[in-house]
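Asks: Sharing target_21.txt (compact mmCIF, C-alpha atoms) below.
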```txt
# COMPACT_ATOMS: atom_id res chain seq x y z
CA MET U 76 143.89 -13.27 74.55
CA ASP U 77 145.39 -11.47 71.58
CA CYS U 78 142.37 -10.37 69.55
CA LYS U 79 142.66 -6.64 70.30
CA LEU U 80 140.76 -4.30 68.02
CA ASN U 81 141.15 -0.54 68.43
CA GLY U 82 141.90 -0.99 72.09
CA LEU U 83 138.91 -3.27 72.63
CA LEU U 84 138.78 -6.95 73.34
CA ARG U 85 135.41 -8.56 73.13
CA TYR U 86 134.60 -11.22 75.64
CA ALA U 87 131.80 -13.52 76.66
CA GLY U 88 131.39 -14.86 80.16
CA CYS U 89 128.82 -16.00 82.66
CA VAL U 90 127.09 -13.80 85.15
CA THR U 91 124.28 -14.56 87.54
CA GLY U 92 121.07 -15.15 85.61
CA GLY U 93 122.41 -15.24 82.06
CA VAL U 94 125.22 -14.88 79.56
CA ALA U 95 127.15 -11.62 79.65
CA LEU U 96 128.31 -9.84 76.51
CA GLY U 97 130.62 -6.89 76.71
CA TYR U 98 134.09 -5.51 76.14
CA TRP U 99 137.46 -5.30 77.87
CA LEU U 100 139.03 -1.87 77.64
CA PHE U 101 142.81 -1.57 77.59
CA ASN U 102 144.33 1.32 79.52
CA SER U 103 147.62 3.07 78.75
CA ASN U 104 149.55 0.38 80.64
CA GLY U 105 147.96 -2.40 78.61
CA GLN U 106 145.87 -3.56 81.56
CA SER U 107 142.34 -4.70 80.80
CA THR U 108 139.25 -3.50 82.61
CA PRO U 109 135.65 -4.65 82.03
CA ASN U 110 133.33 -2.19 80.35
CA GLN U 111 129.58 -2.30 79.76
CA VAL U 112 127.94 -5.68 80.28
CA THR U 113 124.62 -6.66 78.76
CA THR U 114 122.94 -9.85 79.92
CA VAL U 115 120.70 -12.01 77.80
CA ASP U 116 118.05 -11.35 80.44
CA ASN U 117 117.88 -7.80 79.07
CA LEU U 118 117.29 -9.00 75.52
CA THR U 119 113.82 -9.68 74.16
CA LYS U 120 112.57 -12.98 72.80
CA GLY U 121 112.58 -11.39 69.36
CA GLU U 122 116.33 -10.84 69.65
CA THR U 123 117.28 -14.25 71.07
CA ASP U 124 114.69 -16.53 69.44
CA ASN U 125 113.38 -14.69 66.40
CA PRO U 126 110.05 -16.28 65.35
CA TYR U 127 110.46 -14.83 61.86
CA GLU U 128 113.20 -17.36 61.15
CA GLU U 129 110.67 -20.21 61.31
CA MET U 130 109.32 -21.78 58.12
CA LYS U 131 105.77 -21.20 59.42
CA SER U 132 106.38 -17.45 59.39
CA VAL U 133 108.03 -17.59 55.97
CA TYR U 134 104.99 -19.32 54.47
CA GLU U 135 102.53 -17.01 56.21
CA TYR U 136 104.35 -13.95 54.91
CA LEU U 137 104.63 -15.32 51.38
CA CYS U 138 100.87 -15.75 51.51
CA PHE U 139 100.40 -12.28 53.03
CA ASN U 140 102.66 -10.64 50.43
CA TYR U 141 101.71 -12.53 47.28
CA GLY U 142 98.54 -14.54 47.93
CA GLY U 143 95.96 -11.82 47.37
CA ALA U 144 92.36 -12.17 48.47
CA ASP U 145 91.80 -15.62 46.97
CA VAL U 146 94.50 -17.38 48.98
CA ASN U 147 94.35 -15.29 52.14
CA CYS U 148 90.61 -15.79 52.61
CA VAL U 149 88.75 -18.39 50.56
CA PHE U 150 85.28 -17.40 51.79
CA THR U 151 84.35 -15.21 48.84
CA ASN U 152 80.96 -14.12 50.14
CA LEU U 153 82.05 -13.59 53.75
CA ARG U 154 85.55 -12.13 53.60
CA PRO U 155 86.26 -8.45 54.29
CA GLU U 156 86.41 -6.16 51.28
CA HIS U 157 89.76 -4.68 52.30
CA GLY U 158 92.99 -5.97 53.83
CA TYR U 159 94.78 -7.72 50.97
CA ASP U 160 98.08 -6.91 49.21
CA PHE U 161 99.06 -4.68 52.12
CA PRO U 162 102.78 -4.42 51.12
CA LYS U 163 101.78 -3.39 47.59
CA VAL U 164 99.38 -0.76 48.92
CA THR U 165 102.01 0.70 51.27
CA ALA U 166 104.44 0.94 48.36
CA GLU U 167 101.74 2.82 46.43
CA VAL U 168 101.50 5.29 49.31
CA CYS U 169 105.25 5.86 49.00
CA LEU U 170 105.05 6.38 45.25
CA ARG U 171 102.14 8.80 45.57
CA HIS U 172 104.12 11.07 47.89
CA PHE U 173 107.50 10.71 46.20
CA HIS U 174 108.73 13.82 44.37
CA PRO U 175 111.73 12.99 42.14
CA SER U 176 114.59 15.32 42.97
CA SER U 177 117.79 13.43 42.24
CA THR U 178 119.38 10.64 40.26
CA PRO U 179 119.69 7.82 41.01
CA ARG U 180 116.39 7.62 42.89
CA ARG U 181 116.89 5.49 45.99
CA ALA U 182 114.42 3.81 48.37
CA LEU U 183 114.89 1.83 51.57
CA ASP U 184 112.43 -0.81 52.75
CA ILE U 185 113.42 -1.50 56.33
CA GLY U 186 111.71 -4.61 57.68
CA CYS U 187 111.16 -5.81 54.13
CA ALA U 188 109.96 -9.33 55.12
CA VAL U 189 109.71 -11.35 51.88
CA GLY U 190 110.12 -8.43 49.55
CA ARG U 191 106.80 -7.50 47.95
CA ALA U 192 106.92 -3.79 48.85
CA ALA U 193 110.57 -3.52 47.79
CA PHE U 194 109.80 -5.02 44.37
CA GLU U 195 106.85 -2.64 43.96
CA LEU U 196 109.07 0.34 44.80
CA ALA U 197 111.36 -0.72 41.94
CA ALA U 198 108.65 0.50 39.55
CA GLU U 199 109.89 4.03 40.23
CA PHE U 200 113.14 3.87 42.15
CA GLU U 201 116.35 2.91 40.39
CA GLU U 202 117.84 1.41 43.55
CA VAL U 203 115.86 -0.26 46.32
CA ILE U 204 117.55 -1.60 49.44
CA GLY U 205 115.56 -4.13 51.45
CA ILE U 206 116.72 -4.95 54.96
CA ASP U 207 115.27 -7.45 57.40
CA PHE U 208 116.41 -8.89 60.73
CA SER U 209 115.40 -12.38 59.63
CA HIS U 210 118.10 -14.24 57.70
CA HIS U 211 115.42 -16.56 56.34
CA PHE U 212 113.29 -13.70 54.99
CA VAL U 213 116.34 -12.21 53.25
CA LYS U 214 117.17 -15.58 51.68
CA VAL U 215 113.61 -15.78 50.33
CA CYS U 216 113.88 -12.24 48.94
CA ASN U 217 117.05 -13.10 47.05
CA GLU U 218 115.52 -16.29 45.68
CA LEU U 219 112.50 -14.32 44.46
CA LYS U 220 114.81 -11.74 42.93
CA ALA U 221 116.66 -14.48 41.05
CA SER U 222 113.70 -16.51 39.77
CA GLY U 223 110.66 -14.26 40.17
CA LYS U 224 108.62 -16.98 41.86
CA MET U 225 108.63 -19.46 44.74
CA ASN U 226 106.52 -22.38 45.90
CA TYR U 227 104.99 -22.17 49.35
CA GLU U 228 102.41 -23.92 51.51
CA VAL U 229 99.62 -22.57 53.65
CA LEU U 230 98.02 -24.39 56.54
CA VAL U 231 94.53 -25.78 56.07
CA GLU U 232 94.06 -27.55 59.40
CA GLY U 233 96.15 -29.79 61.60
CA GLU U 234 98.90 -31.18 59.37
CA LEU U 235 97.09 -30.51 56.09
CA THR U 236 98.41 -27.81 53.75
CA SER U 237 97.71 -26.48 50.27
CA ASN U 238 100.35 -25.55 47.71
CA HIS U 239 100.70 -22.15 46.05
CA ILE U 240 103.18 -20.09 44.08
CA ALA U 241 104.37 -16.59 45.02
CA VAL U 242 105.01 -14.59 41.86
CA VAL U 243 106.67 -11.19 41.57
CA PRO U 244 104.71 -9.16 38.97
CA GLY U 245 106.54 -9.43 35.66
CA HIS U 246 106.61 -5.69 34.89
CA LEU U 247 108.80 -4.95 37.92
CA ASP U 248 112.58 -4.78 37.48
CA ARG U 249 113.82 -7.15 40.17
CA LYS U 250 117.45 -6.31 39.41
CA ARG U 251 116.91 -2.89 40.99
CA CYS U 252 116.41 -4.52 44.40
CA HIS U 253 119.20 -5.50 46.79
CA PHE U 254 118.45 -7.39 49.99
CA GLN U 255 120.53 -7.77 53.12
CA GLN U 256 120.17 -8.87 56.71
CA GLY U 257 120.39 -6.07 59.25
CA ASP U 258 119.13 -4.58 62.49
CA ALA U 259 116.92 -1.50 62.15
CA CYS U 260 118.22 -0.25 65.50
CA THR U 261 121.89 -0.37 64.42
CA LEU U 262 121.85 0.48 60.72
CA SER U 263 125.19 0.97 59.02
CA PRO U 264 126.25 4.61 58.53
CA ASP U 265 127.35 3.61 55.02
CA LEU U 266 123.77 3.22 53.78
CA GLY U 267 123.66 6.83 52.64
CA GLU U 268 120.52 8.89 52.08
CA PHE U 269 117.24 7.91 50.44
CA ASP U 270 114.41 9.67 48.65
CA CYS U 271 111.98 7.35 50.40
CA VAL U 272 112.09 5.12 53.47
CA LEU U 273 109.34 2.59 54.18
CA ALA U 274 108.99 1.02 57.63
CA GLY U 275 106.04 -1.35 57.32
CA ASN U 276 104.67 -2.70 60.63
CA LEU U 277 108.16 -2.47 62.10
CA ILE U 278 108.35 -0.14 65.08
CA CYS U 279 106.34 -2.34 67.48
CA ARG U 280 108.66 -5.26 66.75
CA LEU U 281 111.91 -3.44 67.55
CA PRO U 282 113.77 -3.63 70.87
CA HIS U 283 114.60 0.09 70.58
CA PRO U 284 112.00 1.80 68.38
CA ALA U 285 112.90 5.34 69.47
CA ARG U 286 116.51 4.75 68.42
CA PHE U 287 115.33 3.78 64.95
CA LEU U 288 113.06 6.84 64.68
CA ARG U 289 115.93 9.16 65.60
CA ARG U 290 118.06 7.58 62.88
CA LEU U 291 115.55 8.53 60.17
CA LYS U 292 116.71 12.14 59.90
CA THR U 293 120.05 10.90 58.58
CA LEU U 294 118.44 8.39 56.19
CA VAL U 295 115.86 10.57 54.44
CA LYS U 296 117.01 13.32 52.09
CA CYS U 297 115.64 16.82 52.54
CA GLY U 298 112.31 16.83 50.74
CA GLY U 299 112.15 13.03 50.83
CA VAL U 300 109.46 10.98 52.52
CA CYS U 301 109.23 8.34 55.20
CA VAL U 302 106.18 6.10 55.41
CA ILE U 303 105.62 4.32 58.72
CA THR U 304 102.84 1.80 59.26
CA SER U 305 102.03 0.26 62.62
CA PRO U 306 99.12 -1.24 64.56
CA TYR U 307 101.01 -0.21 67.74
CA THR U 308 100.89 -3.74 69.17
CA PHE U 309 103.71 -3.30 71.67
CA LEU U 310 104.66 -6.57 73.36
CA LYS U 311 107.31 -7.46 75.91
CA ASP U 312 108.41 -10.36 73.67
CA TYR U 313 109.83 -7.80 71.25
CA THR U 314 110.27 -4.57 73.22
CA ASN U 315 111.06 -4.16 76.88
CA ARG U 316 108.28 -2.13 78.47
CA GLY U 317 110.56 0.81 79.19
CA ASN U 318 111.16 1.19 75.43
CA TRP U 319 107.51 1.14 74.33
CA LEU U 320 106.48 4.20 72.34
CA GLY U 321 102.94 3.99 73.71
CA GLY U 322 100.34 1.74 75.23
CA LEU U 323 100.97 2.74 78.85
CA THR U 324 100.62 5.64 81.26
CA ASP U 325 103.39 8.05 82.24
CA GLU U 326 104.42 9.01 85.78
CA SER U 327 101.56 11.51 85.93
CA GLY U 328 99.00 8.87 85.03
CA VAL U 329 98.46 10.25 81.51
CA ASP U 330 97.90 7.77 78.70
CA VAL U 331 100.79 7.63 76.22
CA ARG U 332 99.99 6.64 72.64
CA GLY U 333 102.45 5.51 70.02
CA LEU U 334 101.66 8.26 67.54
CA SER U 335 102.13 11.03 70.10
CA THR U 336 105.63 9.75 70.92
CA MET U 337 106.45 9.47 67.22
CA LYS U 338 105.42 13.10 66.74
CA LYS U 339 107.69 14.24 69.57
CA ILE U 340 110.65 12.42 68.07
CA LEU U 341 110.09 13.18 64.39
CA SER U 342 108.51 16.66 64.37
CA PRO U 343 111.79 18.62 64.69
CA ASP U 344 112.95 17.15 61.35
CA PHE U 345 109.76 16.02 59.58
CA ASP U 346 106.29 17.30 58.71
CA LEU U 347 103.39 14.87 59.06
CA VAL U 348 101.66 15.19 55.68
CA GLU U 349 99.16 12.32 55.74
CA GLN U 350 97.63 9.84 58.15
CA VAL U 351 95.32 7.04 57.05
CA ASP U 352 93.93 3.76 58.42
CA LEU U 353 94.91 0.73 56.35
CA PRO U 354 93.67 -2.80 57.15
CA PHE U 355 95.60 -5.99 56.52
CA MET U 356 94.81 -9.69 56.81
CA ILE U 357 97.19 -12.53 57.62
CA ARG U 358 95.92 -16.07 57.11
CA GLU U 359 96.83 -18.59 59.80
CA THR U 360 94.65 -21.51 58.69
CA TYR U 361 91.78 -22.11 56.28
CA ARG U 362 89.35 -20.70 58.84
CA LYS U 363 91.51 -18.55 61.12
CA HIS U 364 92.84 -15.11 60.20
CA GLN U 365 94.37 -12.00 61.73
CA TRP U 366 92.56 -8.85 60.57
CA THR U 367 94.28 -5.69 61.78
CA VAL U 368 94.15 -1.98 61.03
CA ALA U 369 97.50 -0.22 60.74
CA ASP U 370 98.03 3.48 61.27
CA VAL U 371 99.83 4.78 58.17
CA THR U 372 101.72 8.03 58.63
CA VAL U 373 103.64 9.89 55.92
CA TRP U 374 106.46 12.21 56.98
CA ARG U 375 108.27 14.65 54.72
CA ARG U 376 111.84 15.61 55.63
CA LYS U 377 112.25 19.33 56.29
```
Any chance you could put this one into structure tokens?
Replies:
Amino acid sequence: MDCKLNGLLRYAGCVTGGVALGYWLFNSNGQSTPNQVTTVDNLTKGETDNPYEEMKSVYEYLCFNYGGADVNCVFTNLRPEHGYDFPKVTAEVCLRHFHPSSTPRRALDIGCAVGRAAFELAAEFEEVIGIDFSHHFVKVCNELKASGKMNYEVLVEGELTSNHIAVVPGHLDRKRCHFQQGDACTLSPDLGEFDCVLAGNLICRLPHPARFLRRLKTLVKCGGVCVITSPYTFLKDYTNRGNWLGGLTDESGVDVRGLSTMKKILSPDFDLVEQVDLPFMIRETYRKHQWTVADVTVWRRK
């Protein structure tokens, strides 16, 4: 075993109940001792079997991002009035609150999915970084950046599908966008600071949402904005219960809500300047849809 790195040797081994991942520490005599061990049992399904890598999710999110009302709900006389083009609308919230203060103007879309919000941010920002945990989503983003369009299918029923084309609006400068795979809970310190950070429907799909929220103070420039949207649908598949921001009771029996925890974490460094309800629709089949209302909060860095 000769792959030492800064006194650390990574190892993988078996422990009772799952695979262990950790490190061997080398002491002054060159002897190795085991350090922290994390078992796969402690990881969420979202970390070990990410559903957003599946083609089904890719197609659903291409529809959600680029399909508009006509593709997402074909029932013209019955469909809800609101809930379409959600990524575009969240980008518009960012642009409305953005106050240019520096050059180049930089934005970060963390949890960018298939890129619609990032492309919309490029209307104002000279550099937009889009990061997603899904390798497949990032691949789609880069293909859309290169060609401006992509074919996709949406489910009708059973094995039947219909064909559509996702198109990035032609007035947007796609070259301003750069996409990469990454983990919102362990973002690189080399990212730098941004005038705007968008986290769209992200925090209830993270294994460590509080860790991400605490990182924001080093990502957003003073005077910059952070826009966070969430329906607060905390699930054990994505977040171990002990890491939920809300949706449970504390030791005193008091209900804990996601927004209240966000305020406790962010308030020392941010002012909450706007809160609004914003619906969104995701088509599953011709006749089945998810219609959800996200809480949109806008935070300005002190």
Asks: Which residues come within 12 Å of Ser305 (chain U), counting all atoms listed in the file, excluding same-chain residues fewer than 4 positions away, as a PyMOL selection string?
Replies: chain U and resi 161+165+186+273-281+284+309+320-321+333-334+337+350-355+367-373
Asks: Given the selection you just returned, output its residues as a file containing C-alpha atoms, formatted as a tab-separated table (two decimals), in the coordinates of the input.
Replies:
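Result written to part.tsv:
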```tsv
chain	number	residue	atom	x	y	z
U	161	PHE	CA	99.06	-4.68	52.12
U	165	THR	CA	102.01	0.70	51.27
U	186	GLY	CA	111.71	-4.61	57.68
U	273	LEU	CA	109.34	2.59	54.18
U	274	ALA	CA	108.99	1.02	57.63
U	275	GLY	CA	106.04	-1.35	57.32
U	276	ASN	CA	104.67	-2.70	60.63
U	277	LEU	CA	108.16	-2.47	62.10
U	278	ILE	CA	108.35	-0.14	65.08
U	279	CYS	CA	106.34	-2.34	67.48
U	280	ARG	CA	108.66	-5.26	66.75
U	281	LEU	CA	111.91	-3.44	67.55
U	284	PRO	CA	112.00	1.80	68.38
U	309	PHE	CA	103.71	-3.30	71.67
U	320	LEU	CA	106.48	4.20	72.34
U	321	GLY	CA	102.94	3.99	73.71
U	333	GLY	CA	102.45	5.51	70.02
U	334	LEU	CA	101.66	8.26	67.54
U	337	MET	CA	106.45	9.47	67.22
U	350	GLN	CA	97.63	9.84	58.15
U	351	VAL	CA	95.32	7.04	57.05
U	352	ASP	CA	93.93	3.76	58.42
U	353	LEU	CA	94.91	0.73	56.35
U	354	PRO	CA	93.67	-2.80	57.15
U	355	PHE	CA	95.60	-5.99	56.52
U	367	THR	CA	94.28	-5.69	61.78
U	368	VAL	CA	94.15	-1.98	61.03
U	369	ALA	CA	97.50	-0.22	60.74
U	370	ASP	CA	98.03	3.48	61.27
U	371	VAL	CA	99.83	4.78	58.17
U	372	THR	CA	101.72	8.03	58.63
U	373	VAL	CA	103.64	9.89	55.92
```
Asks: Need the shell around Pro343 (chain U): protein/DNA/RNA residues with any atom at most 10 Å away, counting all atoms listed in the file. Skip same-chain ones fewer than 4 positions apart. Format as an mmCIF file with C-alpha atoms, in the frame of the given file?
Replies:
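Generated output (out_37.cif):
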```cif
data_model
loop_
_atom_site.group_PDB
_atom_site.id
_atom_site.type_symbol
_atom_site.label_atom_id
_atom_site.label_comp_id
_atom_site.auth_asym_id
_atom_site.auth_seq_id
_atom_site.Cartn_x
_atom_site.Cartn_y
_atom_site.Cartn_z
ATOM 1 C CA LYS U 292 116.710 12.140 59.900
ATOM 2 C CA LYS U 338 105.420 13.100 66.740
ATOM 3 C CA LYS U 339 107.690 14.240 69.570
ATOM 4 C CA ARG U 376 111.840 15.610 55.630
ATOM 5 C CA LYS U 377 112.250 19.330 56.290
#
```
Asks: For Phe287 (chain U), which residue among U:Leu235, U:Ile185, U:Val243, U:Met356 is the nearest when counting all atoms listed in the file?
Replies: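 Residue with the minimum atom-to-atom distance to Phe287 (chain U): U:Ile185.
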Asks: Within 10 Å of Thr178 (chain U), counting all atoms listed in the file, which residues show up once you throw out same-chain ones fewer than 2 positions away? Write them as a list in words, please.
Replies: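 Non-adjacent residues within range: Pro175, Ser176, Arg180, Arg181, Phe200, Glu201, Glu202 and Asp270 of chain U.
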Asks: Keeping only C-alpha atoms, take the residues you just selected and write them out as a compact mmCIF listing (two decimals), in the frame of the given file.
Replies:
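Contents of the output file selection.txt:
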```
# COMPACT_ATOMS: atom_id res chain seq x y z
CA PRO U 175 111.73 12.99 42.14
CA SER U 176 114.59 15.32 42.97
CA ARG U 180 116.39 7.62 42.89
CA ARG U 181 116.89 5.49 45.99
CA PHE U 200 113.14 3.87 42.15
CA GLU U 201 116.35 2.91 40.39
CA GLU U 202 117.84 1.41 43.55
CA ASP U 270 114.41 9.67 48.65
```
Asks: What lies within 9 Å of Cys169 (chain U) using only C-alpha atoms, ignoring chain neighbours under 6 positions off, as a PyMOL selection string?
Replies: chain U and resi 196+271-273+300-302+373
Asks: U:Leu153, U:Val133, U:Cys216, U:Leu118: which is nearest His283 (chain U), counting only C-alpha atoms?
Replies: U:Leu118
Asks: Can you tell me how far CA of Ala192 (chain U) sits from CA of Gly223 (chain U), in Å to one decimal?
Replies: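 So the two atoms, CA of Ala192 (chain U) and CA of Gly223 (chain U), lie 14.1 Å apart.
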Asks: Using all atoms listed in the file, can you tell me which of U:Arg375, U:Arg332, U:Tyr361, U:Gly257 comes closest to Phe150 (chain U)?
Replies: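 Selected residue with least distance to Phe150 (chain U): U:Tyr361.
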Asks: Which is closest to Phe345 (chain U) among U:Lys296, U:His246, U:Lys220, U:Lys120, if we use only C-alpha atoms?
Replies: U:Lys296
Asks: How many Å separate CA of Asn140 (chain U) from CA of Arg171 (chain U)?
Replies: 20.0 Å
Asks: Could you pull the residues within 10 Å of Arg289 (chain U), counting all atoms listed in the file, minus those fewer than 6 positions along the same chain, as a compact mmCIF listing (two decimals) with C-alpha atoms, keeping the file's coordinate frame?
Replies:
```txt
# COMPACT_ATOMS: atom_id res chain seq x y z
CA CYS U 260 118.22 -0.25 65.50
CA MET U 337 106.45 9.47 67.22
CA ILE U 340 110.65 12.42 68.07
CA LEU U 341 110.09 13.18 64.39
CA ASP U 344 112.95 17.15 61.35
```
Asks: Grab the CA of Glu228 (chain U) to CA of Tyr134 (chain U) distance for me, in Å with one decimal place.
Replies: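 So the two atoms, CA of Glu228 (chain U) and CA of Tyr134 (chain U), lie 6.0 Å apart.
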Asks: Between U:Leu294, U:Leu137, U:Leu266, U:Leu170, which has the minimum distance to Arg191 (chain U) (counting only C-alpha atoms)?
Replies: U:Leu137
Asks: Please rebuild region 163-172 of chain U with all heavy atoms and return the result as a tab-separated table (two decimals), in the coordinates of the input.
Replies:
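The result, stored in part10.tsv:
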```tsv
chain	number	residue	atom	x	y	z
U	163	LYS	N	101.94	-4.11	48.85
U	163	LYS	CA	101.78	-3.39	47.59
U	163	LYS	C	101.12	-2.03	47.81
U	163	LYS	O	101.54	-1.01	47.25
U	163	LYS	CB	100.94	-4.22	46.61
U	163	LYS	CG	100.68	-3.56	45.27
U	163	LYS	CD	99.88	-4.49	44.37
U	163	LYS	CE	99.66	-3.88	42.99
U	163	LYS	NZ	98.69	-2.76	43.04
U	164	VAL	N	100.10	-2.01	48.66
U	164	VAL	CA	99.38	-0.76	48.92
U	164	VAL	C	100.29	0.24	49.65
U	164	VAL	O	100.27	1.44	49.35
U	164	VAL	CB	98.11	-1.04	49.75
U	164	VAL	CG1	97.41	0.27	50.11
U	164	VAL	CG2	97.16	-1.93	48.96
U	165	THR	N	101.11	-0.23	50.58
U	165	THR	CA	102.01	0.70	51.27
U	165	THR	C	103.06	1.25	50.31
U	165	THR	O	103.44	2.42	50.41
U	165	THR	CB	102.71	0.01	52.45
U	165	THR	OG1	103.43	-1.14	52.01
U	165	THR	CG2	101.70	-0.41	53.51
U	166	ALA	N	103.52	0.44	49.37
U	166	ALA	CA	104.44	0.94	48.36
U	166	ALA	C	103.77	2.01	47.50
U	166	ALA	O	104.40	3.01	47.12
U	166	ALA	CB	104.95	-0.20	47.49
U	167	GLU	N	102.48	1.82	47.20
U	167	GLU	CA	101.74	2.82	46.43
U	167	GLU	C	101.62	4.13	47.18
U	167	GLU	O	101.64	5.22	46.57
U	167	GLU	CB	100.36	2.27	46.07
U	167	GLU	CG	100.41	1.13	45.05
U	167	GLU	CD	99.08	0.43	44.87
U	167	GLU	OE1	98.16	0.67	45.70
U	167	GLU	OE2	98.95	-0.36	43.92
U	168	VAL	N	101.50	4.07	48.51
U	168	VAL	CA	101.50	5.29	49.31
U	168	VAL	C	102.83	6.02	49.15
U	168	VAL	O	102.88	7.24	48.97
U	168	VAL	CB	101.23	4.98	50.79
U	168	VAL	CG1	101.39	6.24	51.65
U	168	VAL	CG2	99.84	4.38	50.98
U	169	CYS	N	103.92	5.26	49.20
U	169	CYS	CA	105.25	5.86	49.00
U	169	CYS	C	105.35	6.54	47.64
U	169	CYS	O	105.82	7.69	47.53
U	169	CYS	CB	106.33	4.78	49.10
U	169	CYS	SG	106.53	4.03	50.72
U	170	LEU	N	104.92	5.85	46.60
U	170	LEU	CA	105.05	6.38	45.25
U	170	LEU	C	104.17	7.61	45.05
U	170	LEU	O	104.54	8.53	44.31
U	170	LEU	CB	104.68	5.30	44.24
U	170	LEU	CG	105.61	4.07	44.22
U	170	LEU	CD1	105.09	3.01	43.27
U	170	LEU	CD2	107.02	4.47	43.84
U	171	ARG	N	103.03	7.66	45.70
U	171	ARG	CA	102.14	8.80	45.57
U	171	ARG	C	102.75	10.06	46.17
U	171	ARG	O	102.54	11.18	45.67
U	171	ARG	CB	100.80	8.50	46.24
U	171	ARG	CG	99.75	9.57	45.99
U	171	ARG	CD	98.38	9.15	46.47
U	171	ARG	NE	98.26	9.09	47.92
U	171	ARG	CZ	98.12	7.99	48.62
U	171	ARG	NH1	98.11	6.82	48.02
U	171	ARG	NH2	98.00	8.03	49.93
U	172	HIS	N	103.54	9.91	47.21
U	172	HIS	CA	104.12	11.07	47.89
U	172	HIS	C	105.54	11.38	47.43
U	172	HIS	O	106.10	12.42	47.81
U	172	HIS	CB	104.12	10.85	49.40
U	172	HIS	CG	102.77	10.99	50.03
U	172	HIS	ND1	102.27	12.21	50.44
U	172	HIS	CD2	101.80	10.08	50.29
U	172	HIS	CE1	101.07	12.04	50.94
U	172	HIS	NE2	100.75	10.75	50.86
```
